[in-house]
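Text of the file structure_11.cif, holding mmCIF, C-alpha atoms:
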data_start
loop_
_atom_site.group_PDB
_atom_site.id
_atom_site.type_symbol
_atom_site.label_atom_id
_atom_site.label_comp_id
_atom_site.auth_asym_id
_atom_site.auth_seq_id
_atom_site.Cartn_x
_atom_site.Cartn_y
_atom_site.Cartn_z
ATOM 1 C CA MET P 1 0.000 0.000 0.000
ATOM 2 C CA ASP P 2 1.433 3.376 -0.934
ATOM 3 C CA GLN P 3 1.871 6.175 1.596
ATOM 4 C CA GLU P 4 -0.999 8.284 0.268
ATOM 5 C CA THR P 5 -3.446 5.402 0.584
ATOM 6 C CA GLN P 6 -2.171 4.605 4.085
ATOM 7 C CA GLN P 7 -2.712 8.241 5.115
ATOM 8 C CA TYR P 8 -6.232 8.070 3.677
ATOM 9 C CA TYR P 9 -7.086 5.108 5.892
ATOM 10 C CA ASP P 10 -5.241 6.532 8.910
ATOM 11 C CA ALA P 11 -7.371 9.689 8.705
ATOM 12 C CA TYR P 12 -10.545 7.600 8.825
ATOM 13 C CA PHE P 13 -9.253 5.443 11.685
ATOM 14 C CA SER P 14 -8.393 8.601 13.636
ATOM 15 C CA LEU P 15 -11.930 9.849 13.045
ATOM 16 C CA PHE P 16 -13.569 6.599 14.100
ATOM 17 C CA ILE P 17 -11.998 6.599 17.578
ATOM 18 C CA THR P 18 -13.338 10.036 18.511
ATOM 19 C CA ASP P 19 -16.295 10.561 20.807
ATOM 20 C CA GLY P 20 -17.782 12.901 18.215
ATOM 21 C CA TRP P 21 -17.892 10.135 15.598
ATOM 22 C CA LYS P 22 -19.521 7.720 18.030
ATOM 23 C CA GLN P 23 -22.104 10.355 18.969
ATOM 24 C CA LEU P 24 -22.799 11.176 15.320
ATOM 25 C CA VAL P 25 -23.336 7.501 14.428
ATOM 26 C CA GLN P 26 -25.684 7.128 17.398
ATOM 27 C CA ASP P 27 -27.636 10.199 16.267
ATOM 28 C CA PHE P 28 -27.827 8.800 12.724
ATOM 29 C CA GLY P 29 -29.213 5.565 14.143
ATOM 30 C CA ASN P 30 -31.863 7.465 16.094
ATOM 31 C CA ASN P 31 -32.753 9.499 13.005
ATOM 32 C CA ALA P 32 -33.056 6.321 10.944
ATOM 33 C CA LEU P 33 -35.641 4.999 13.390
ATOM 34 C CA GLN P 34 -37.697 8.181 12.973
ATOM 35 C CA ILE P 35 -37.398 8.215 9.181
ATOM 36 C CA ASN P 36 -38.300 4.522 8.954
ATOM 37 C CA SER P 37 -41.786 5.170 10.323
ATOM 38 C CA ILE P 38 -44.484 4.060 7.915
ATOM 39 C CA GLU P 39 -47.089 5.913 9.949
ATOM 40 C CA ALA P 40 -45.449 9.251 9.153
ATOM 41 C CA THR P 41 -45.207 8.551 5.412
ATOM 42 C CA LYS P 42 -47.639 10.744 3.454
ATOM 43 C CA ASP P 43 -47.540 9.117 0.010
ATOM 44 C CA ALA P 44 -45.428 7.045 -2.381
ATOM 45 C CA ASP P 45 -43.110 9.961 -3.188
ATOM 46 C CA ASP P 46 -42.460 10.502 0.505
ATOM 47 C CA MET P 47 -41.805 6.785 0.934
ATOM 48 C CA PHE P 48 -39.184 6.794 -1.824
ATOM 49 C CA PHE P 49 -37.621 9.948 -0.367
ATOM 50 C CA ARG P 50 -37.397 8.270 3.030
ATOM 51 C CA LYS P 51 -35.918 5.179 1.383
ATOM 52 C CA GLY P 52 -33.146 7.363 -0.057
ATOM 53 C CA GLN P 53 -32.533 8.977 3.322
ATOM 54 C CA LEU P 54 -32.279 5.563 4.961
ATOM 55 C CA ASN P 55 -29.845 4.405 2.287
ATOM 56 C CA VAL P 56 -27.529 7.349 3.002
ATOM 57 C CA LEU P 57 -27.837 6.918 6.765
ATOM 58 C CA ALA P 58 -27.086 3.196 6.495
ATOM 59 C CA HIS P 59 -23.941 3.962 4.510
ATOM 60 C CA LEU P 60 -22.778 6.493 7.108
ATOM 61 C CA ILE P 61 -23.654 4.238 10.050
ATOM 62 C CA ASN P 62 -21.688 1.392 8.431
ATOM 63 C CA MET P 63 -18.796 3.590 7.268
ATOM 64 C CA GLU P 64 -16.374 2.256 9.888
ATOM 65 C CA THR P 65 -17.026 -1.343 8.827
ATOM 66 C CA ILE P 66 -16.785 -0.430 5.146
ATOM 67 C CA VAL P 67 -13.462 1.377 5.567
ATOM 68 C CA THR P 68 -12.020 -1.352 7.808
ATOM 69 C CA THR P 69 -12.984 -4.086 5.347
ATOM 70 C CA ASN P 70 -11.513 -2.140 2.424
ATOM 71 C CA TYR P 71 -8.327 -1.499 4.407
ATOM 72 C CA GLU P 72 -7.940 -5.178 5.231
ATOM 73 C CA GLU P 73 -8.441 -6.115 1.581
ATOM 74 C CA ALA P 74 -5.965 -3.461 0.419
ATOM 75 C CA SER P 75 -3.418 -4.643 2.998
ATOM 76 C CA LYS P 76 -3.409 -8.237 1.845
ATOM 77 C CA PRO P 77 -0.417 -9.261 -0.189
ATOM 78 C CA PRO P 78 -1.256 -9.975 -3.819
ATOM 79 C CA GLU P 79 -2.064 -13.598 -4.486
ATOM 80 C CA GLU P 80 0.482 -15.395 -6.561
ATOM 81 C CA ASP P 81 -0.520 -17.613 -9.436
ATOM 82 C CA ASP P 82 0.846 -21.137 -9.196
#

Would you put the structure from the file into structure tokens?
Amino acid sequence: MDQETQQYYDAYFSLFITDGWKQLVQDFGNNALQINSIEATKDADDMFFRKGQLNVLAHLINMETIVTTNYEEASKPPEEDD
């Protein structure tokens, strides 16, 4: 892994250990519960809008796992052909 890529991942890992990140992810989770309410959905357009919001929130909530998985894959030595 080159130095620039390592710095990219290090910046994320530094972010993920902060209290602010943990609080933000918790807030996103709480917001997702509110947005996921069928009772509050007005019509089909609103439902699709909420679906988009939930998609974005899910990506942000899972960002740490996504980055960690990508880092682990990028850190693996290349497989050699026999």

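If you apply the PyMOL selection byres ((chain P and resi 29) around 12) to this structure, you end up with Lys22, Gln23, Leu24, Val25, Gln26, Asp27, Phe28, Asn30, Asn31, Ala32, Leu33, Gln34, Ile35, Asn36, Gln53, Leu54, Asn55, Val56, Leu57, Ala58, His59, Leu60, Ile61 and Asn62 of chain P.
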
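For the structure in this document, the set picked by the PyMOL selection byres ((chain P and resi 71) around 10) is Met1, Thr5, Gln6, Tyr8, Tyr9, Asp10, Thr65, Ile66, Val67, Thr68, Thr69, Asn70, Glu72, Glu73, Ala74, Ser75 and Lys76 of chain P.
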
Next item on the list: State, in Å with one decimal place, the distance from CA of Phe13 (chain P) to CA of Pro78 (chain P).
Entry: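 Going from CA of Phe13 (chain P) over to CA of Pro78 (chain P), I get 23.3 Å.
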
Edge lengths and centre in Å, axis-aligned, region 68-75 of chain P plus 6 Å each side, as AutoDock Vina command-line options:
--center_x -8.2 --center_y -3.7 --center_z 4.1 --size_x 21.6 --size_y 16.8 --size_z 19.4

Next item on the list: Tell me which of P:Asp45, P:Glu39, P:Glu64, P:Asp2 sits closest to Ile17 (chain P), counting only C-alpha atoms.
Entry: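 Smallest separation from Ile17 (chain P) among the options: P:Glu64.
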
Next item on the list: Excluding Ile38 (chain P) and any residue of its chain fewer than 3 positions from it, enumerate the residues within 12 Å of it, using only C-alpha atoms, and give them as a ChimeraX atom specification.
Entry: /P:33-35,41-44,46-48,50-51

Slice of the block: region 8-45 of chain P, C-alpha atoms, as a PDB file, in the first residue's frame:
ATOM      1  CA  TYR P   8      -6.232   8.070   3.677  1.00  0.00           C
ATOM      2  CA  TYR P   9      -7.086   5.108   5.892  1.00  0.00           C
ATOM      3  CA  ASP P  10      -5.241   6.532   8.910  1.00  0.00           C
ATOM      4  CA  ALA P  11      -7.371   9.689   8.705  1.00  0.00           C
ATOM      5  CA  TYR P  12     -10.545   7.600   8.825  1.00  0.00           C
ATOM      6  CA  PHE P  13      -9.253   5.443  11.685  1.00  0.00           C
ATOM      7  CA  SER P  14      -8.393   8.601  13.636  1.00  0.00           C
ATOM      8  CA  LEU P  15     -11.930   9.849  13.045  1.00  0.00           C
ATOM      9  CA  PHE P  16     -13.569   6.599  14.100  1.00  0.00           C
ATOM     10  CA  ILE P  17     -11.998   6.599  17.578  1.00  0.00           C
ATOM     11  CA  THR P  18     -13.338  10.036  18.511  1.00  0.00           C
ATOM     12  CA  ASP P  19     -16.295  10.561  20.807  1.00  0.00           C
ATOM     13  CA  GLY P  20     -17.782  12.901  18.215  1.00  0.00           C
ATOM     14  CA  TRP P  21     -17.892  10.135  15.598  1.00  0.00           C
ATOM     15  CA  LYS P  22     -19.521   7.720  18.030  1.00  0.00           C
ATOM     16  CA  GLN P  23     -22.104  10.355  18.969  1.00  0.00           C
ATOM     17  CA  LEU P  24     -22.799  11.176  15.320  1.00  0.00           C
ATOM     18  CA  VAL P  25     -23.336   7.501  14.428  1.00  0.00           C
ATOM     19  CA  GLN P  26     -25.684   7.128  17.398  1.00  0.00           C
ATOM     20  CA  ASP P  27     -27.636  10.199  16.267  1.00  0.00           C
ATOM     21  CA  PHE P  28     -27.827   8.800  12.724  1.00  0.00           C
ATOM     22  CA  GLY P  29     -29.213   5.565  14.143  1.00  0.00           C
ATOM     23  CA  ASN P  30     -31.863   7.465  16.094  1.00  0.00           C
ATOM     24  CA  ASN P  31     -32.753   9.499  13.005  1.00  0.00           C
ATOM     25  CA  ALA P  32     -33.056   6.321  10.944  1.00  0.00           C
ATOM     26  CA  LEU P  33     -35.641   4.999  13.390  1.00  0.00           C
ATOM     27  CA  GLN P  34     -37.697   8.181  12.973  1.00  0.00           C
ATOM     28  CA  ILE P  35     -37.398   8.215   9.181  1.00  0.00           C
ATOM     29  CA  ASN P  36     -38.300   4.522   8.954  1.00  0.00           C
ATOM     30  CA  SER P  37     -41.786   5.170  10.323  1.00  0.00           C
ATOM     31  CA  ILE P  38     -44.484   4.060   7.915  1.00  0.00           C
ATOM     32  CA  GLU P  39     -47.089   5.913   9.949  1.00  0.00           C
ATOM     33  CA  ALA P  40     -45.449   9.251   9.153  1.00  0.00           C
ATOM     34  CA  THR P  41     -45.207   8.551   5.412  1.00  0.00           C
ATOM     35  CA  LYS P  42     -47.639  10.744   3.454  1.00  0.00           C
ATOM     36  CA  ASP P  43     -47.540   9.117   0.010  1.00  0.00           C
ATOM     37  CA  ALA P  44     -45.428   7.045  -2.381  1.00  0.00           C
ATOM     38  CA  ASP P  45     -43.110   9.961  -3.188  1.00  0.00           C
TER      39      ASP P  45
END
